[in-house]
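Visitor: Data: query39.txt, compact mmCIF, C-alpha atoms.
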```txt
# COMPACT_ATOMS: atom_id res chain seq x y z
CA MET A 100 -11.90 -4.29 11.75
CA ILE A 101 -8.11 -4.57 11.39
CA LYS A 102 -8.25 -2.82 8.00
CA LYS A 103 -9.81 0.24 9.67
CA GLN A 104 -7.11 0.27 12.37
CA GLN A 105 -4.07 -0.15 10.08
CA LYS A 106 -2.78 3.38 10.56
CA TRP A 107 -3.05 3.17 14.37
CA ILE A 108 -1.28 -0.20 14.38
CA ALA A 109 1.43 1.24 12.13
CA ILE A 110 1.95 4.19 14.50
CA LEU A 111 2.13 1.81 17.48
CA VAL A 112 4.74 -0.34 15.69
CA VAL A 113 6.84 2.70 14.81
CA CYS A 114 6.67 4.04 18.38
CA THR A 115 7.63 0.61 19.77
CA PHE A 116 10.70 0.40 17.54
CA LEU A 117 11.76 3.93 18.45
CA TRP A 118 11.41 3.06 22.14
CA LEU A 119 13.44 -0.14 21.65
CA MET A 120 16.17 1.77 19.82
CA GLN A 121 16.46 4.23 22.71
CA LEU A 122 16.36 1.44 25.28
CA SER A 123 19.12 -0.51 23.54
CA THR A 124 21.54 2.42 23.68
CA MET A 125 21.13 3.03 27.44
CA PRO A 126 24.04 1.96 29.68
CA VAL A 127 23.66 -1.26 31.67
CA ALA A 128 24.50 -1.34 35.40
CA ALA A 129 27.86 -2.99 36.08
CA ALA A 130 27.50 -6.46 37.54
CA GLY A 131 29.72 -7.64 40.40
CA GLN A 132 31.06 -4.20 41.32
CA ALA A 133 32.19 -4.23 44.94
CA ASP A 134 31.12 -1.53 47.34
CA ILE A 135 34.38 0.14 48.45
CA ALA A 136 33.11 1.29 51.83
CA GLY A 137 31.77 -2.14 52.81
CA ALA A 138 34.66 -4.24 51.56
CA GLU A 139 37.48 -5.09 53.93
CA GLN A 140 40.59 -3.42 52.83
CA GLU A 141 43.83 -5.26 53.12
CA PRO A 142 47.25 -3.62 53.01
CA ASP A 143 48.10 -2.28 49.60
CA TYR A 144 44.41 -2.45 48.53
CA PHE A 145 44.38 0.82 46.63
CA GLU A 146 47.76 0.18 45.04
CA ALA A 147 46.74 -3.26 43.87
CA SER A 148 43.43 -2.08 42.48
CA GLY A 149 45.13 0.81 40.70
CA GLN A 150 47.60 -1.54 39.00
CA SER A 151 45.06 -3.95 37.57
CA ALA A 152 44.55 -3.67 33.86
CA ALA A 153 41.27 -2.23 32.68
CA PRO A 154 39.05 -4.78 30.98
CA ALA A 155 38.91 -4.63 27.20
CA ASN A 156 36.02 -2.53 25.94
CA LYS A 157 33.77 -4.97 24.08
CA ARG A 158 31.41 -3.53 21.50
CA ASN A 159 27.89 -4.86 21.60
CA ILE A 160 26.35 -5.32 18.16
CA LEU A 161 22.76 -5.49 19.48
CA PRO A 162 22.08 -1.72 19.32
CA TYR A 163 23.17 -1.61 15.69
CA VAL A 164 20.99 -4.60 14.81
CA LEU A 165 17.97 -3.09 16.57
CA ILE A 166 18.49 0.26 14.85
CA GLY A 167 18.75 -1.47 11.46
CA VAL A 168 15.61 -3.53 12.09
CA GLY A 169 13.82 -0.39 13.28
CA VAL A 170 14.72 1.56 10.15
CA VAL A 171 13.58 -1.30 7.91
CA ALA A 172 10.32 -1.64 9.88
CA VAL A 173 9.61 2.10 9.69
CA ALA A 174 10.27 2.08 5.94
CA ALA A 175 7.99 -0.94 5.45
CA VAL A 176 5.18 0.60 7.50
CA LEU A 177 5.45 3.88 5.61
CA PHE A 178 5.47 2.11 2.26
CA LEU A 179 2.63 -0.33 2.98
CA VAL A 180 0.25 1.84 5.00
CA VAL A 181 0.92 5.53 4.77
CA LEU A 182 2.18 5.92 1.20
CA LYS A 183 -0.17 3.32 -0.30
CA THR A 184 -1.88 4.66 -3.41
CA ASN A 185 -5.66 4.76 -3.26
CA TYR A 186 -7.42 4.89 -6.60
CA ASP A 187 -10.73 6.76 -6.90
CA ILE A 188 -12.78 6.05 -10.01
CA THR A 189 -15.71 8.30 -9.07
CA GLY A 190 -16.20 11.36 -11.26
CA THR A 191 -16.15 12.08 -14.99
CA TRP A 192 -13.71 10.26 -17.29
CA SER A 193 -13.02 10.54 -21.01
CA LEU A 194 -13.26 6.89 -22.12
CA THR A 195 -11.80 5.92 -25.51
CA TYR A 196 -12.14 2.43 -26.91
CA SER A 197 -10.80 0.99 -30.12
CA TRP A 198 -11.84 -2.11 -32.03
CA ALA A 199 -11.77 -3.35 -35.62
CA GLY A 200 -14.65 -1.01 -36.53
CA GLY A 201 -12.96 2.19 -35.35
CA THR A 202 -12.49 4.33 -32.28
CA CYS A 203 -15.06 6.01 -30.03
CA THR A 204 -14.64 8.49 -27.18
CA TYR A 205 -17.37 9.10 -24.64
CA ASP A 206 -17.63 11.05 -21.41
CA THR A 207 -18.37 8.48 -18.74
CA ILE A 208 -19.64 9.38 -15.26
CA PHE A 209 -18.85 6.97 -12.41
CA THR A 210 -21.05 7.38 -9.32
CA GLY A 211 -20.93 5.35 -6.14
CA THR A 212 -18.00 4.40 -3.92
CA LYS A 213 -14.34 3.84 -4.75
CA ASP A 214 -15.06 0.07 -4.87
CA SER A 215 -18.32 -0.23 -6.82
CA GLY A 216 -21.21 1.69 -8.29
CA THR A 217 -22.88 2.67 -11.53
CA LEU A 218 -21.68 4.41 -14.64
CA ILE A 219 -23.38 6.36 -17.39
CA MET A 220 -21.68 6.47 -20.77
CA ASN A 221 -22.49 9.26 -23.24
CA ASN A 222 -25.45 10.32 -21.06
CA ALA A 223 -27.42 7.33 -22.39
CA ILE A 224 -26.01 3.88 -21.68
CA SER A 225 -25.78 2.77 -18.05
CA GLY A 226 -23.81 0.01 -16.43
CA SER A 227 -21.86 -0.95 -13.33
CA TYR A 228 -18.25 -1.02 -12.19
CA THR A 229 -16.08 -2.65 -9.55
CA VAL A 230 -12.57 -1.69 -8.42
CA ASP A 231 -10.24 -4.04 -6.54
CA GLY A 232 -6.95 -2.31 -5.78
CA LYS A 233 -5.62 -1.37 -9.23
CA LYS A 234 -7.96 -3.70 -11.16
CA VAL A 235 -11.07 -2.23 -12.81
CA SER A 236 -14.09 -4.01 -14.31
CA CYS A 237 -16.95 -2.14 -16.04
CA TYR A 238 -20.04 -3.55 -17.69
CA VAL A 239 -22.35 -1.71 -20.07
CA ALA A 240 -25.32 -3.50 -21.59
CA ASP A 241 -28.55 -3.08 -23.49
CA ALA A 242 -31.18 -5.72 -24.34
CA THR A 243 -28.94 -7.92 -26.50
CA ARG A 244 -25.39 -6.57 -26.29
CA LYS A 245 -22.87 -6.23 -23.51
CA TRP A 246 -19.50 -4.45 -23.39
CA GLU A 247 -17.01 -5.47 -20.74
CA PHE A 248 -14.05 -3.22 -19.91
CA VAL A 249 -11.39 -5.11 -17.91
CA GLY A 250 -8.19 -3.32 -17.03
CA GLU A 251 -6.29 -1.47 -14.34
CA PHE A 252 -5.19 1.97 -13.22
CA THR A 253 -1.90 3.12 -14.74
CA SER A 254 -1.92 6.23 -12.51
CA LYS A 255 -4.44 7.96 -10.27
CA THR A 256 -6.01 9.68 -13.29
CA GLU A 257 -5.52 7.09 -16.07
CA MET A 258 -6.63 3.53 -16.70
CA GLY A 259 -6.63 1.12 -19.60
CA GLY A 260 -7.17 -2.47 -20.61
CA GLN A 261 -9.15 -4.93 -22.70
CA LEU A 262 -12.62 -4.45 -24.25
CA ASN A 263 -14.79 -7.57 -24.69
CA TYR A 264 -18.01 -7.58 -26.76
CA TYR A 265 -20.89 -10.01 -26.15
CA TYR A 266 -24.02 -10.53 -28.25
CA LEU A 267 -26.76 -12.61 -26.61
CA ASN A 268 -24.17 -13.54 -23.92
CA VAL A 269 -21.77 -14.99 -26.52
CA LEU A 270 -18.28 -13.48 -26.69
CA TYR A 271 -17.26 -12.15 -30.10
CA PRO A 272 -13.49 -11.52 -29.87
CA GLU A 273 -13.35 -10.01 -33.36
CA TYR A 274 -15.42 -7.06 -32.08
CA GLY A 275 -13.32 -6.64 -28.97
CA GLY A 276 -10.42 -4.26 -28.59
CA THR A 277 -8.72 -2.01 -26.06
CA PHE A 278 -9.76 0.97 -23.98
CA SER A 279 -8.13 3.85 -22.17
CA ALA A 280 -9.60 6.49 -19.92
CA VAL A 281 -8.43 9.82 -18.49
CA LYS A 282 -10.08 11.51 -15.52
CA LYS A 283 -11.40 14.98 -16.23
```
Take the structure from the file and write it as structure tokens.

Guide:
Amino acid sequence: MIKKQQKWIAILVVCTFLWLMQLSTMPVAAAGQADIAGAEQEPDYFEASGQSAAPANKRNILPYVLIGVGVVAVAAVLFLVVLKTNYDITGTWSLTYSWAGGTCTYDTIFTGTKDSGTLIMNNAISGSYTVDGKKVSCYVADATRKWEFVGEFTSKTEMGGQLNYYYLNVLYPEYGGTFSAVKK
């Protein structure tokens, strides 16, 4: 529930800090100021009050601190929520993998959601995929063999990582390699 409301919470936090920044710069009512009309005036009242030294103007650091905290909070909210990169694996990718036996390139179609779904490699071999943030895991299998692509996005349109090969559910590292993919 909170994940769906992140942008609204971020906007509320930004608005609250902007309001606090404005509130901190507003003048405060003077405390202990005497009402001239109601106070009893003694002889030489105006002369005496005119001769008193004005109090030293003290600078309050609180507005500067609140403005600094507000700027940092706005930057953090923008970075974490608004400018966060969302990776979308769905669509057609040119997948190239290399191992000791050579290099192969296949068009691979990812269908489903941004988080999980199915893939079809070279219009023949099917499998599944999962995406967790930047991390990508793809599995392609037939009756006896399984290829596992484990990597991450390097940009919104590129990904790469490690290729693992299994035969009868036993890992054969000598047939493994690397992969890279570019979105078409």

Visitor: With all atoms listed in the file as the basis for distance, which of A:Val249, A:Val281, A:Val164, A:Ala240 is at the shortest distance from Thr124 of chain A?

Guide: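 Closest to Thr124 of chain A of all the choices is A:Val164.
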
Visitor: How many Å separate atom CA of Asp187 of chain A from atom CA of Asp241 of chain A?

Guide: 26.3 Å

Visitor: For segment 104-112 of chain A, work out the shell of residues within 12 Å, counting all atoms listed in the file and skipping chain neighbours fewer than 6 positions away, then give it as a PyMOL selection string.

Guide: chain A and resi 118-119+168-183

Visitor: Between atom CA of Leu270 of chain A and atom CA of Cys203 of chain A, what is the spacing in Å?

Guide: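 Atom-to-atom, atom CA of Cys203 of chain A to atom CA of Leu270 of chain A, that is 20.0 Å.
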
Visitor: Can you tell me how far atom CA of Lys255 of chain A sits from atom CA of Tyr238 of chain A, in Å to one decimal?

Guide: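 About the pair atom CA of Lys255 of chain A and atom CA of Tyr238 of chain A: they are 20.8 Å apart.
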
Visitor: Just checking: using all atoms listed in the file, which residue out of A:Thr195, A:Thr253, A:Asn221, A:Thr202 ends up closest to Ala280 of chain A?

Guide: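 Among the listed residues, A:Thr195 lies closest to Ala280 of chain A.
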
Visitor: Once you count all atoms listed in the file, which residues end up no further than 12 Å from (18.2, 1.7, 23.1) in the file's frame, shown as a PyMOL selection string?

Guide: chain A and resi 115-127+159-166+169

Visitor: What lies within 9 Å of Ser254 of chain A using all atoms listed in the file, ignoring chain neighbours under 3 positions off, as an MDAnalysis selection string?

Guide: chainID A and resid 186 257:258

Visitor: Which one is closest to Tyr271 of chain A: A:Phe252, A:Thr184, A:Trp198, A:Ile224? Count only C-alpha atoms.

Guide: A:Trp198
